[in-house]
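One structure is given below, encoded as structure tokens.
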2 protein chains.
Amino acid sequence: MDKIISQLKNIVGSGGISLDDAELKRFSRDTWVLSDLRDFLGAGPDSPMAMVSPANTEQLSSVVSLCFENAIPMIPYGAGSGVCGSIVGQHDALVISTGKMQGLIELDEENLLATFWAGTLGGEAERSIAKKGYTIGHWPQSIEISSVGGWLATRASGQYSTAYGNIEDVVFSFEAVLPDGRVYKSAHTPRAAAGPDLRQLLMGSEGTLGIFAKVTFSIRKQAAEKQTQAFYFEKFPLALQCVREVMTRGYRPPVIRLYDARESHRHFKDSCPKGQMMLIFLHEGEPEVVRAEASGVAAVCESFAASAAEQNAVEQWFERRNEVPSFRSLIEQGLIVDTIEVGAVWSRLHEVYERVMSAVAEVESVIAVSAHLSHAYKSGANLYFTIAAAPGTPEQMESIYFKFWDAAMRATLESGGGIAHHHGIGRVRKKYLEQELGAGGLSILKGIKASLDPGGLMNPGNLLP
Amino acid sequence: MDKIISQLKNIVGSGGISLDDAELKRFSRDTWVLSDLRDFLGAGPDSPMAMVSPANTEQLSSVVSLCFENAIPMIPYGAGSGVCGSIVGQHDALVISTGKMQGLIELDEENLLATFWAGTLGGEAERSIAKKGYTIGHWPQSIEISSVGGWLATRASGQYSTAYGNIEDVVFSFEAVLPDGRVYKSAHTPRAAAGPDLRQLLMGSEGTLGIFAKVTFSIRKQAAEKQTQAFYFEKFPLALQCVREVMTRGYRPPVIRLYDARESHRHFKDSCPKGQMMLIFLHEGEPEVVRAEASGVAAVCESFAASAAEQNAVEQWFERRNEVPSFRSLIEQGLIVDTIEVGAVWSRLHEVYERVMSAVAEVESVIAVSAHLSHAYKSGANLYFTIAAAPGTPEQMESIYFKFWDAAMRATLESGGGIAHHHGIGRVRKKYLEQELGAGGLSILKGIKASLDPGGLMNPGNLLP
């Protein structure tokens, strides 16, 4: 152990390794509410044996090689903003943080490419190119607290996904270190038919198949024109049909968000009559196209009996869109709260909504459940549920938590939905992964894991059931 | 061997297996020009031991399991339209054809999904939903002779890719049989963050990791309005910059094609002055958006000093766009001809063009080389070269062929391009695959192959160097 620490110091320098108790505690978890709860109850995750912060790909590769050769479990750590428990410390594991791999490496204006170190926070990354008139176009709610490498590791989605795609559509190429320390660098081409798309293997692997070192995004010029509009509906199914029709016609406003009555009242008290459902749009691009799209979309909404909402409704949403709740303060108030996002084809979506709502509401001490749609596709959309329970004592919170998750997951699967739209699997969903991927899919994934990480050293206990 | 044949008959029925010499000869190859040449010279590929045509996923799975258990090499066969030599018969191998797995299984209008048996020809698939007002939106030149399963196996691109994406963007889900006979069925959701996207492993595997059984596309309604326009340019680099600017502004006309002077003269004799380069566009969608996009794109072209071409230029192209040349008749005329498509970022594209053109032109007996751009992205585009050589004798053709391929591949790699945009790797490109994927990438791919197909039974000799 001392020998390993000294070898690690040789690689990253003594400033690149931490054995400090308080710091190790901080690196023992992500933003999973259950880690908050366990901390609150004094039973938080174990601290790792140490935390290293390599400064570049070469150091990262050497650290991983050393762990591989010495069978030391590794826990890759981006910015710790994940909410599914991908990071849970264990005393014999080394946390490998990308926290020192920071900043813009290259802005290639001719090819609309921007390359960042994987540890760069999203907001920093966006601002570093925004001042030159560009945007990554990927706006997760967590943008200020999540890293660009973490976006890839978890298959993140941003609020502008309807036009610009999810993270897999925004990524151009990357450099990553595999579980044995080898470096994989994907090709520098806009598209290839050269075997399977291997980038797609690491994206979504949640730290189990490699660690991102550098990420290159295919960026875009900031839009010449933006236009927002909002509508409200009396019935949720009709509003869903309206969103579907917008997508069917081929319109692609970057932002489409539909809130159920409870969330509409919460977010748009002043602009949406109680009991109605708010649907908001952001259109952006070249001015004539934006105007044509906005008026076309408005016509679709009107054909579904929607009423136009006040213009400032969307601005209100924009001002608050990146607020991230503190689970800990809710726990202190006696509430265990979480969000659960799932996906489904249009024909299953309302059933998923209804069944999750009622299954979760039936769980003891659940006091609120609500949902919105935030990512739309030609063939379906996501639903993002927010659930709050108020058990009698904090000690009851964990079992209630697993009960409402189980209710939501079962209701989703039984209604034909997919268990995870964009938060990932982590520990909270892994027992449902086989139903999502099928036995065939799970065996492919396990085979790949065994091939790339035969000792199961990289993020053990995460993702794979 | 007799025992295997009889077991196969038990699975697929005697009508599902062929031992007929002429038929086996036909299933010993795809549309690779070198197979034409070798046939012409009387040295074509070996015939396989037999050809089976399962009628459904269950039969397909049983056939593959039988081969897996008995270590029989398998050659998956779609419609045989591949041009890179993915299919080359060998006497001890079984060809597994999807030729009996035909037709539309389900048209799901609510979710804009259409599910086909993998052996369905593209044109048949498109027409089966076109009559209901839908389109797959995937228009490879080979549409009438390629199968929908083959589109996935090779990572195909269609002529409308700029708006609708390449095949990986059009596929919703699929069912495939893995090398050991297990069935993998991907989830029925529009998007998931549930581990790596395993679909992307089989797409592009060119028959080495599995056989597609059913394919579900995310289809679209036929566009309400279409508009075409064309422009010609004096200089190729300026025309490339113009296409880049169209993409940078966020316009997404389904078809963007730019021909160099030689190809412009060949395709648009009447509408493009000699020596100029033709750029054609198809816009489609909702009428107001189409009009806004078309006029915006025209303004961009004019800002690059382009001249508007006659309106019927694009119609001419549409009429002939799916003509596929007969390599055999060219060989009979003394010509060995092939097409080579590559990709590159914008800043490398003109250098790739210049260097491939001159490197290929220097190869002995090459009499013509020309190119067009047919798939554009924010960060780059493809280039599609057509090369003709007239060696003194047919016996010299094969070595000349490999020389011009090598010249094109080296010039592409040295200029920073990617070796394959949409035809795939097959046998003709496999020795360049390591340079495309990198040593890390190739080792990942080999690890996956070893994990899924430890005996190397599925399409041996293809894709992997």
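The chains in the structure tokens are called A, B, ... from first to last as shown; in each chain the residues are counted from 1, and the ligands are counted from 1 in the order shown.
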Pull out every residue of chain B sitting within 6 Å of chain A, counting only C-alpha atoms, and send them as a count of residues only. 37
Once DSSP has gone over the backbone, tell me which residues of segment 82-257 of chain B are in alpha helix (DSSP H), as an MDAnalysis selection string. chainID B and resid 122:130 148:154 161:164 167:170 199:202 236:248
Please extract the residues of segment 149-388 of chain A with a backbone DSSP assignment of strand (DSSP E) and present them as a PyMOL selection string. chain A and resi 171-177+183-185+211-218+220-221+225-233+255-259+277-285+307-308+336-345+366-373+380-388
Report as a PyMOL selection string all protein, DNA and RNA residues lying within 10 Å of segment 388-390 of chain B, evaluated on only C-alpha atoms, omitting residues in the same chain fewer than 2 positions from it. chain B and resi 330-331+333-339+360-361+363-370+386+392-394+396-397+400-401+404
Expected file: the selected residues, C-alpha atoms, as a CSV table (one decimal), in the first residue's frame:
```csv
chain,number,residue,atom,x,y,z
B,330,LEU,CA,-16.7,-2.1,-67.9
B,331,ILE,CA,-14.2,-4.9,-67.4
B,333,GLN,CA,-14.5,-2.9,-72.2
B,334,GLY,CA,-11.0,-3.0,-70.7
B,335,LEU,CA,-11.8,-0.8,-67.8
B,336,ILE,CA,-11.4,-1.4,-64.0
B,337,VAL,CA,-13.5,1.1,-62.2
B,338,ASP,CA,-14.3,1.7,-58.6
B,339,THR,CA,-15.6,4.3,-56.2
B,360,VAL,CA,-4.5,8.2,-58.0
B,361,ALA,CA,-3.9,10.0,-61.3
B,363,VAL,CA,-1.0,5.3,-60.8
B,364,GLU,CA,-0.1,3.6,-64.1
B,365,SER,CA,-3.0,3.3,-66.5
B,366,VAL,CA,-5.4,5.3,-64.5
B,367,ILE,CA,-7.4,7.3,-67.1
B,368,ALA,CA,-9.9,9.2,-65.0
B,369,VAL,CA,-10.5,10.3,-61.4
B,370,SER,CA,-13.2,12.7,-60.2
B,386,THR,CA,-14.8,7.6,-59.0
B,392,GLY,CA,-3.3,-3.4,-71.1
B,393,THR,CA,-4.7,-6.7,-70.2
B,394,PRO,CA,-7.4,-8.0,-67.7
B,396,GLN,CA,-3.1,-6.6,-64.9
B,397,MET,CA,-6.3,-5.2,-63.5
B,400,ILE,CA,-3.6,-1.8,-60.7
B,401,TYR,CA,-6.8,-1.8,-58.7
B,404,PHE,CA,-5.1,3.0,-56.9
```
Separation of atom CA of Ser6 of chain B and atom CA of Ile96 of chain B, in Å?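 Taking atom CA of Ser6 of chain B as the start and atom CA of Ile96 of chain B as the end point, the length is 15.6 Å.
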So which one's closest to Gly456 of chain A, A:Gly207, A:Gly275, A:Gly13, A:Gly82? Using only C-alpha atoms, please. A:Gly207
Name the residues in contact with Leu34 of chain B at a cut-off of 8 Å, using only C-alpha atoms, excluding same-chain residues fewer than 2 positions from it; report them as number ranges by chain. B: 32, 36-38, 85, 398
Output of the above residues as a CSV table (one decimal), in the first residue's frame, restricted to N, CA, C and O atoms:
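Full text of again.csv as output:
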```csv
chain,number,residue,atom,x,y,z
B,32,TRP,N,-18.6,-6.5,-55.1
B,32,TRP,CA,-17.2,-6.0,-55.1
B,32,TRP,C,-16.6,-6.2,-56.6
B,32,TRP,O,-16.7,-7.3,-57.1
B,36,ASP,N,-16.0,-9.4,-59.5
B,36,ASP,CA,-16.4,-9.4,-60.9
B,36,ASP,C,-15.2,-9.8,-61.8
B,36,ASP,O,-15.2,-10.6,-62.7
B,37,LEU,N,-14.1,-9.1,-61.4
B,37,LEU,CA,-12.8,-9.3,-62.2
B,37,LEU,C,-12.4,-10.8,-62.1
B,37,LEU,O,-12.0,-11.4,-63.1
B,38,ARG,N,-12.4,-11.3,-60.9
B,38,ARG,CA,-11.9,-12.7,-60.7
B,38,ARG,C,-12.8,-13.7,-61.4
B,38,ARG,O,-12.4,-14.6,-62.0
B,85,GLY,N,-16.3,-6.2,-50.7
B,85,GLY,CA,-15.8,-7.5,-50.6
B,85,GLY,C,-16.0,-8.1,-49.2
B,85,GLY,O,-15.2,-8.9,-48.7
B,398,GLU,N,-6.0,-6.5,-61.4
B,398,GLU,CA,-6.1,-6.6,-60.0
B,398,GLU,C,-4.9,-5.8,-59.3
B,398,GLU,O,-5.1,-5.1,-58.3
```
To one decimal place in Å, what is the distance between atom CA of Pro54 of chain A and atom CA of Ser97 of chain A? 7.3 Å
How many Å separate atom CA of Leu107 of chain B from atom CA of Thr216 of chain B?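 Rounded to one decimal, the two atoms are 9.4 Å apart.
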Contacts of Ile11 of chain A at 10 Å (only C-alpha atoms; same-chain gap of 4+ positions) as a JSON list (two decimals) with C-alpha atoms, in the first residue's frame:
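Final file, part-v4.json:
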```json
[["chain", "number", "residue", "atom", "x", "y", "z"],
["A", 5, "ILE", "CA", 1.14, 5.50, -2.84],
["A", 6, "SER", "CA", 4.76, 6.25, -3.51],
["A", 7, "GLN", "CA", 4.47, 5.00, -7.10],
["A", 16, "GLY", "CA", -1.69, 15.21, -7.29],
["A", 17, "ILE", "CA", -2.59, 12.79, -4.53],
["A", 52, "VAL", "CA", -5.30, 10.98, -7.34],
["A", 54, "PRO", "CA", -3.65, 13.25, -12.94],
["A", 55, "ALA", "CA", -2.86, 16.40, -14.90],
["A", 58, "GLU", "CA", -0.18, 10.40, -19.93],
["A", 59, "GLN", "CA", -0.44, 10.60, -16.14],
["A", 60, "LEU", "CA", -3.97, 9.24, -16.26],
["A", 61, "SER", "CA", -2.82, 6.30, -18.34],
["A", 62, "SER", "CA", 0.08, 5.58, -15.97],
["A", 63, "VAL", "CA", -2.18, 5.69, -12.91],
["A", 66, "LEU", "CA", -0.49, 0.84, -12.13]]
```
